[in-house]
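Colleague: Have a look at this one before I ask anything.
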Amino acid sequence: MNDRDRALVIFSGGQDSTTCLFKAVADYGLENVSCITFYYGQKHSAEVQIACEIAAELGVGRHKLINLDWYNQITTNALLDSTIPIEKSPDSACPNTVVDGRNMMFLLIAAVYAKSQEIHNLIMGVCETDFSGYPDCRDVFVQSCNVTLNLAMDWQFRVITPLMYLTKAQTWQMADRLGRLDYIYNRTLTCYNNVPGTGCGTCPSCTLRRRGYDEYMRHREGEESGSDGSGCW
Ligand code: ZN
């Protein structure tokens, strides 16, 4: 498969998928990148608007919006039901923000659209390093789904997950290397409470994002002063 092929990015407007979008633009060229965004009744639905704005600011030619507002008819959880508080998970259970089947649904719809556009590469910003409670963020799921999609549509998809084994700090590092650290810090929405940029500061998503950012900044300052360096990086 030609590396200069085209790619479709599953894009939410959050830190991870925005980093993936910038990376895709760097890898494939802007004219070869499309993105797809899903509204599925998420409480932090402002991310859909932000995704539209970011895609427009980058000049992405094709941005597909898909409405899955019926999703809460078949499942519910703290992301879809405003009466359920978002809680940190007990050690033995998934976080209550897991949306069953979400990533599989996203991949299926993205794949159908990609094939219609003769695109093989699907890029998704899932990561199993920091948030292991999400079963459909694991590499084993993505690999399995990739095989299933190929069989389902007789098309050679390649599901690419650039962040799979990165820590949140390393994802910030990727943004920095792409020259987009400040943009992603200020423009993306990761917060479950709909607060863009630095976020509400208290939800699990904000906590993870902030911890990763602080860790990366300590690493970068260490590198600049020459006192720290490789470490676990
Ligand atoms: Zn938050």
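By order of appearance in the structure tokens: chains A, B, ..., then residues from 1 within every chain, and ligands from 1 in the order shown.
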Tell me which protein, DNA and RNA residues are within 7 Å of Cys203 of chain A, counting only C-alpha atoms, leaving out same-chain ones fewer than 3 positions away, and put them as an mmCIF file with N, CA, C and O atoms, in the first residue's frame.

Modeller:
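Output contents, as saved in result.cif:
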data_model
loop_
_atom_site.group_PDB
_atom_site.id
_atom_site.type_symbol
_atom_site.label_atom_id
_atom_site.label_comp_id
_atom_site.auth_asym_id
_atom_site.auth_seq_id
_atom_site.Cartn_x
_atom_site.Cartn_y
_atom_site.Cartn_z
ATOM 1 N N CYS A 191 -12.750 17.995 27.880
ATOM 2 C CA CYS A 191 -13.481 18.005 29.161
ATOM 3 C C CYS A 191 -14.883 17.429 29.036
ATOM 4 O O CYS A 191 -15.641 17.808 28.143
ATOM 5 N N TYR A 192 -15.248 16.551 29.970
ATOM 6 C CA TYR A 192 -16.595 15.983 29.970
ATOM 7 C C TYR A 192 -17.643 17.033 30.325
ATOM 8 O O TYR A 192 -18.836 16.820 30.134
ATOM 9 N N CYS A 200 -12.574 22.029 32.829
ATOM 10 C CA CYS A 200 -13.117 22.303 34.167
ATOM 11 C C CYS A 200 -12.078 22.027 35.244
ATOM 12 O O CYS A 200 -12.156 22.546 36.350
ATOM 13 N N CYS A 206 -10.165 15.822 32.274
ATOM 14 C CA CYS A 206 -9.309 16.991 32.549
ATOM 15 C C CYS A 206 -8.107 16.599 33.404
ATOM 16 O O CYS A 206 -6.994 17.081 33.192
ATOM 17 N N THR A 207 -8.352 15.751 34.394
ATOM 18 C CA THR A 207 -7.278 15.343 35.297
ATOM 19 C C THR A 207 -6.174 14.631 34.519
ATOM 20 O O THR A 207 -4.985 14.909 34.685
#

Colleague: Per residue of chain A within 12 Å of ligand 1, which atom pair is closest and at what distance in Å (one decimal), using only C-alpha atoms and all ligand atoms, listed by chain and increasing number, as JSON lines?

Modeller:
{"residue": "A:Gly14", "atom": "CA", "partner": "ligand 1", "partner_atom_place_in_ligand_line": "1 (Zn)", "distance": 11.7}
{"residue": "A:Lys43", "atom": "CA", "partner": "ligand 1", "partner_atom_place_in_ligand_line": "1 (Zn)", "distance": 11.6}
{"residue": "A:His44", "atom": "CA", "partner": "ligand 1", "partner_atom_place_in_ligand_line": "1 (Zn)", "distance": 9.5}
{"residue": "A:Ile86", "atom": "CA", "partner": "ligand 1", "partner_atom_place_in_ligand_line": "1 (Zn)", "distance": 10.2}
{"residue": "A:Glu87", "atom": "CA", "partner": "ligand 1", "partner_atom_place_in_ligand_line": "1 (Zn)", "distance": 11.9}
{"residue": "A:Leu189", "atom": "CA", "partner": "ligand 1", "partner_atom_place_in_ligand_line": "1 (Zn)", "distance": 8.9}
{"residue": "A:Thr190", "atom": "CA", "partner": "ligand 1", "partner_atom_place_in_ligand_line": "1 (Zn)", "distance": 7.1}
{"residue": "A:Cys191", "atom": "CA", "partner": "ligand 1", "partner_atom_place_in_ligand_line": "1 (Zn)", "distance": 3.6}
{"residue": "A:Tyr192", "atom": "CA", "partner": "ligand 1", "partner_atom_place_in_ligand_line": "1 (Zn)", "distance": 5.0}
{"residue": "A:Asn193", "atom": "CA", "partner": "ligand 1", "partner_atom_place_in_ligand_line": "1 (Zn)", "distance": 5.1}
{"residue": "A:Asn194", "atom": "CA", "partner": "ligand 1", "partner_atom_place_in_ligand_line": "1 (Zn)", "distance": 7.0}
{"residue": "A:Val195", "atom": "CA", "partner": "ligand 1", "partner_atom_place_in_ligand_line": "1 (Zn)", "distance": 6.4}
{"residue": "A:Pro196", "atom": "CA", "partner": "ligand 1", "partner_atom_place_in_ligand_line": "1 (Zn)", "distance": 8.5}
{"residue": "A:Gly197", "atom": "CA", "partner": "ligand 1", "partner_atom_place_in_ligand_line": "1 (Zn)", "distance": 9.6}
{"residue": "A:Thr198", "atom": "CA", "partner": "ligand 1", "partner_atom_place_in_ligand_line": "1 (Zn)", "distance": 8.1}
{"residue": "A:Gly199", "atom": "CA", "partner": "ligand 1", "partner_atom_place_in_ligand_line": "1 (Zn)", "distance": 4.8}
{"residue": "A:Cys200", "atom": "CA", "partner": "ligand 1", "partner_atom_place_in_ligand_line": "1 (Zn)", "distance": 3.9}
{"residue": "A:Gly201", "atom": "CA", "partner": "ligand 1", "partner_atom_place_in_ligand_line": "1 (Zn)", "distance": 5.1}
{"residue": "A:Thr202", "atom": "CA", "partner": "ligand 1", "partner_atom_place_in_ligand_line": "1 (Zn)", "distance": 5.4}
{"residue": "A:Cys203", "atom": "CA", "partner": "ligand 1", "partner_atom_place_in_ligand_line": "1 (Zn)", "distance": 4.1}
{"residue": "A:Pro204", "atom": "CA", "partner": "ligand 1", "partner_atom_place_in_ligand_line": "1 (Zn)", "distance": 6.8}
{"residue": "A:Ser205", "atom": "CA", "partner": "ligand 1", "partner_atom_place_in_ligand_line": "1 (Zn)", "distance": 5.9}
{"residue": "A:Cys206", "atom": "CA", "partner": "ligand 1", "partner_atom_place_in_ligand_line": "1 (Zn)", "distance": 4.4}
{"residue": "A:Thr207", "atom": "CA", "partner": "ligand 1", "partner_atom_place_in_ligand_line": "1 (Zn)", "distance": 7.4}
{"residue": "A:Leu208", "atom": "CA", "partner": "ligand 1", "partner_atom_place_in_ligand_line": "1 (Zn)", "distance": 9.6}
{"residue": "A:Arg209", "atom": "CA", "partner": "ligand 1", "partner_atom_place_in_ligand_line": "1 (Zn)", "distance": 9.2}
{"residue": "A:Arg210", "atom": "CA", "partner": "ligand 1", "partner_atom_place_in_ligand_line": "1 (Zn)", "distance": 9.8}

Colleague: Identify, with DSSP run on backbone atoms, the residues in chain A assigned to helix (DSSP H, G or I), and express the list as an MDAnalysis selection string.

Modeller: chainID A and resid 15:28 30:32 46:58 71:73 102:116 135:137 139:153 168:177 181:187 204:225

Colleague: So which one's closest to Asp176 of chain A, A:Phe157, A:Tyr28, A:Tyr216, A:Phe38? Using only C-alpha atoms, please.

Modeller: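 Nearest candidate to Asp176 of chain A out of A:Phe157, A:Tyr28, A:Tyr216, A:Phe38: A:Tyr216.
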
Colleague: Atom CA of Glu57 of chain A and atom CA of Val33 of chain A are how many Å apart?

Modeller: 13.9 Å

Colleague: Record the distance separating atom CA of Glu215 of chain A and atom CA of Val9 of chain A, expressed in Å with one decimal.

Modeller: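 These atoms are spaced 27.0 Å apart.
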
Colleague: Based on DSSP run over this structure's backbone, return all residues of segment 2-229 of chain A in strand (DSSP E or B), as a PyMOL selection string.

Modeller: chain A and resi 7-10+33-39+62-67+121-123+158-160

Colleague: If we count only C-alpha atoms and set the cut-off at 10 Å, which residues sit around Leu122 of chain A, ignoring sequence neighbours fewer than 4 positions away in its own chain? Please answer as a ChimeraX atom specification.

Modeller: /A:6-10,34-35,107,110-111,114,146,157-161

Colleague: For a test of reading the model, state the distance in Å between atom CA of Val142 of chain A and atom CA of Thr37 of chain A, rounded to one decimal.

Modeller: 18.4 Å

Colleague: Under the rule that only C-alpha atoms are counted, which of A:Val112, A:Leu65, A:Leu58, A:Ala51 is the nearest residue to Asp16 of chain A?

Modeller: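 Of A:Val112, A:Leu65, A:Leu58, A:Ala51, the one nearest Asp16 of chain A, counting only C-alpha atoms, is A:Ala51.
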